[in-house]
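Undergrad: This structure is in structure tokens; I'll ask about it shortly.
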Amino acid sequence: MLDIDLIRKNPQFVKENLAKRLCEISIDEVVKSDLEWKKSKELEDSLRKKRNDLTEEIKNAKMQKKPAERLVDEAKQVADKIIVAGEKTKEMAEKRNYLIERLPNLIDNSVPEGPEENFKIVKEWGKKPSFDFKPKQHHELGQSLGILDMPRAAKIAGAGFYMFRGPLARLEWALINYFRDSHFKNGFEEICPPFLVNSQTAFGTGNLPKFEKDLYKTIDGFYLIPTAEVPVTNIYANEVLEESELPKRFYAYTPCYRTEAGRHGSETPGFFRLHQFDKVEMVFLSKPEDSWKMHEEMLSFGEKLIEGLGLHYRTKMLAAGDCGIASAKTYDLEVYAPGMDKYLETSSISNCTDFQARRMNTKYKTKEGSKLIHTLNGSGLATPRLMIALMETCQTKEGNIKVPEVLQKYMNGLKEIAPVKK
RNA sequence: GCGGGGGUGGCAGAGUGGUCUAAUGCGCCGGCCUGCUAAGCCGGUUCCAGCAAUGGAGCGCGAGUUCAAAUCUCGUCCCCCGCGCCA
């Protein structure tokens, strides 16, 4: 959430900033609803004051054994008015909060404004691999090797699911463990969080209320996590940290569940847009003054992981209009898949400044009192699209898949995935 | 799932309808004192509105009873102990 105080004192600044990301919520309306709430609250407070005074008089009268019926009658009337005024205040607060809870974070000045296509490529690493044959797509490779079973995944669950078998399943765990080991060596703390969260937690990271339709909800009201960012960022919700505890760096492997509502149609064969996928996520908690430095640091951790696999990728600074609600600035890592001849988003690395901290109420102590922390999150990395790029990049003329060197130790030294016997 | 106990400020912990203006202690911040440190003393240390004076709210969350609720009633969530079930 944005600081309501900032909106009050400098609505023009907020308006201009949010215009960069094409935000459809009117700041004028936020200011107006806030004023209406304030007016109603003032009336309610003055009535409460009156009742408190009367209550005090009643108490004194009773202690002095004087009659208090008239005062009680008057207090009853005030109490009725308070109920009416209170309902009005509540209604006004809901109206105001509805808007504020859906406002996105302020965008950083370094971010190109406007719609998605205004992105900036800030780095390219490696180059497109060349083949002396026509490279196949990942699903062709996977099926002919007998290590990808899309039809049975569809039978078991439906569209939007995949099933890896044998060496491909092991390749996915090799990736996950390669990521985990890298983060561990960097000194981060590993977390195994809950994969289901309550609504307060989903609100904290900004997934609720605006994006409820993107989340799976259980019959008893839990939400399946769309990313480990949700539980891990919320670890210190409603807590005050010591200044010396910051920064904190976490990583967590989890499956991620997304409805992908409104994204039907067969845009791409294979496993590209999924209801469930695996990801290792980095989450950093920092002091405000350190977050931009840590954002660049997180970016380079993500980049190093892809570089270790030897895959060609590019780093994209998202345009303001393409950034998530909580993000002040986001880099995407896009890894190249030669079979599809496409760059695929395999990581999204964001500085959420104090936007999530305000929703979660996570602060740290300073000499000037407690202040909101900054939160950052980034994939390090999401596996399916990386596997697409890896399979397509490392394919041989025979249709086998060479295992990148850094992954071989996680696969009992396997160097190449050959067809699996039935 | 059943039975019992509990949830109060940064922390510990008192408070069973109206002197609650939430005691007291610890921690932290500021000040005084001091050659320096410690001790001691004074003030501050939840949120909302306000430049402020001040006013309002707040005792897990929600509803109710009452002129008045941390305190009584109901619902709900969470934690602890015991029993049951279970990977």
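Identifiers in this document derive from the order of the structure tokens: chains are assigned A, B, ..., residues are numbered from 1 separately in each chain, and ligands are numbered from 1 in order of occurrence.
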Show me, as a PyMOL selection string, the residues that have an atom within 9 Å of region 10-22 of chain B when counting only C-alpha atoms (C1' of nucleotides), minus same-chain residues fewer than 5 positions from it.
TA: (chain A and resi 55-56+58-60+240+365) or (chain B and resi 27-28+45+59+66+68-72)
Undergrad: Using only C-alpha atoms (C1' of nucleotides), find each residue of chain A with at least one atom at most 9 Å away from an atom of chain B; report its shortest atom-to-atom pair and that distance in Å (one decimal), sort the rows by chain and rising residue number, and return the result as a Markdown table.
TA:
```
| residue | atom | partner | partner_atom | distance |
| --- | --- | --- | --- | --- |
| A:Lys38 | CA | B:A49 | C1' | 7.3 |
| A:Lys41 | CA | B:A49 | C1' | 8.2 |
| A:Glu42 | CA | B:A49 | C1' | 7.5 |
| A:Glu44 | CA | B:G56 | C1' | 8.6 |
| A:Asp45 | CA | B:G56 | C1' | 5.2 |
| A:Ser46 | CA | B:G55 | C1' | 7.7 |
| A:Arg48 | CA | B:G56 | C1' | 7.5 |
| A:Lys49 | CA | B:G55 | C1' | 7.4 |
| A:Arg51 | CA | B:C67 | C1' | 8.1 |
| A:Asn52 | CA | B:A68 | C1' | 8.1 |
| A:Leu54 | CA | B:C67 | C1' | 7.6 |
| A:Thr55 | CA | B:A68 | C1' | 5.9 |
| A:Glu56 | CA | B:G18 | C1' | 7.8 |
| A:Ile58 | CA | B:C67 | C1' | 7.4 |
| A:Lys59 | CA | B:G18 | C1' | 5.8 |
| A:Asn60 | CA | B:G18 | C1' | 8.8 |
| A:Leu71 | CA | B:C67 | C1' | 7.6 |
| A:Val72 | CA | B:C67 | C1' | 4.7 |
| A:Asp73 | CA | B:C67 | C1' | 7.3 |
| A:Glu74 | CA | B:C67 | C1' | 8.0 |
| A:Ala75 | CA | B:C67 | C1' | 5.1 |
| A:Lys76 | CA | B:C67 | C1' | 5.9 |
| A:Ala79 | CA | B:C67 | C1' | 8.1 |
| A:Val240 | CA | B:G10 | C1' | 7.4 |
| A:Lys365 | CA | B:G10 | C1' | 8.8 |
| A:Lys367 | CA | B:C29 | C1' | 6.6 |
| A:Glu368 | CA | B:C29 | C1' | 7.8 |
| A:Gly369 | CA | B:C29 | C1' | 8.1 |
```
Undergrad: Could you write out, as a PyMOL selection string, all the residues of region 122-258 of chain A that DSSP marks as strand (DSSP E or B)?
TA: chain A and resi 122-125+148+164+189-190+196-197+217+223-224+239-241+248-257
Undergrad: Go through region 272-355 of chain A residue by residue and, counting only C-alpha atoms, keep those with an atom at most 10 Å from region 185-196 of chain A; for each kept residue give the shortest atom pair and its distance in Å to one decimal, ordered by chain and increasing number, as a Markdown table.
TA:
```
| residue | atom | partner | partner_atom | distance |
| --- | --- | --- | --- | --- |
| A:Glu281 | CA | A:Ile191 | CA | 9.8 |
| A:Met282 | CA | A:Phe188 | CA | 8.7 |
| A:Val283 | CA | A:Phe188 | CA | 9.4 |
| A:Phe284 | CA | A:Phe188 | CA | 9.2 |
| A:Phe301 | CA | A:Asn186 | CA | 8.9 |
```
Undergrad: Can you write out the residues you just picked, keeping C-alpha atoms, as a tab-separated table (two decimals), in the first residue's frame?
TA:
```
chain	number	residue	atom	x	y	z
A	281	GLU	CA	12.70	-18.01	-4.77
A	282	MET	CA	14.97	-15.43	-3.18
A	283	VAL	CA	13.47	-13.03	-0.65
A	284	PHE	CA	15.47	-10.21	0.92
A	301	PHE	CA	22.63	-13.78	-8.20
```
Undergrad: Check region 165-253 of chain A with DSSP on the backbone and list each residue it calls alpha helix (DSSP H), as an MDAnalysis selection string.
TA: chainID A and resid 167:185 199:204 229:233
Undergrad: Taking a cut-off of 10 Å and counting only C-alpha atoms, can you build a table that, for each residue of region 288-394 of chain A near region 126-137 of chain A, reports the nearest atom pair and how far apart they are in Å (one decimal), sorted by chain then residue number, as CSV?
TA:
```
residue,atom,partner,partner_atom,distance
A:Glu307,CA,A:Gly126,CA,8.4
A:Gly310,CA,A:Gly126,CA,7.8
A:Leu311,CA,A:Gly126,CA,7.1
A:His312,CA,A:Gly126,CA,4.8
A:Tyr313,CA,A:Gly126,CA,6.9
A:Arg314,CA,A:Gly126,CA,8.7
A:Tyr336,CA,A:Lys128,CA,7.2
A:Ala337,CA,A:Gln137,CA,8.3
A:Pro338,CA,A:Pro135,CA,6.8
A:Gly339,CA,A:Gln137,CA,4.3
A:Met340,CA,A:Gln137,CA,5.9
A:Asp341,CA,A:Lys128,CA,9.1
A:Ile388,CA,A:Gln137,CA,8.1
A:Ala389,CA,A:Gln137,CA,9.3
A:Met391,CA,A:Gln137,CA,8.2
A:Glu392,CA,A:Gln137,CA,6.1
A:Thr393,CA,A:Pro129,CA,6.8
A:Cys394,CA,A:Pro129,CA,9.2
```
Undergrad: Residues within 9 Å of region 287-291 of chain A, please, as a list in words. Count only C-alpha atoms (C1' of nucleotides); anything in the same chain fewer than 2 positions from it doesn't count.
TA: Glu243, Leu246, Pro247, Phe284, Leu285, Lys293, Met294, His295, Glu296, Asn351, Cys352, Thr353, Asp354, Tyr364, Lys371, Leu372, Ile373, His374, Thr375 and Leu376 of chain A
Undergrad: Please provide the set of residues having any atom within 8 Å of Val406 (chain A), restricted to only C-alpha atoms (C1' of nucleotides), with same-chain residues fewer than 6 positions apart removed, written as a ChimeraX atom specification.
TA: /A:178,308-309
Undergrad: Please provide as a PyMOL selection string all residues within 10 Å of G60 (chain B), with the sequence filter that same-chain residues fewer than 6 positions apart are discarded (counting only C-alpha atoms (C1' of nucleotides)).
TA: chain B and resi 7-8+77-78
Undergrad: With C-alpha atoms (C1' of nucleotides) retained, write the just-selected residues as a short mmCIF file (atom, residue, chain, number, x, y, z; two decimals), in the first residue's frame.
TA:
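Result file part.cif:
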```
data_model
loop_
_atom_site.label_atom_id
_atom_site.label_comp_id
_atom_site.auth_asym_id
_atom_site.auth_seq_id
_atom_site.Cartn_x
_atom_site.Cartn_y
_atom_site.Cartn_z
"C1'" G B 7 -4.01 -14.75 23.99
"C1'" U B 8 -3.02 -7.38 27.46
"C1'" C B 77 -8.92 -17.77 14.86
"C1'" C B 78 -4.37 -18.97 17.06
#
```
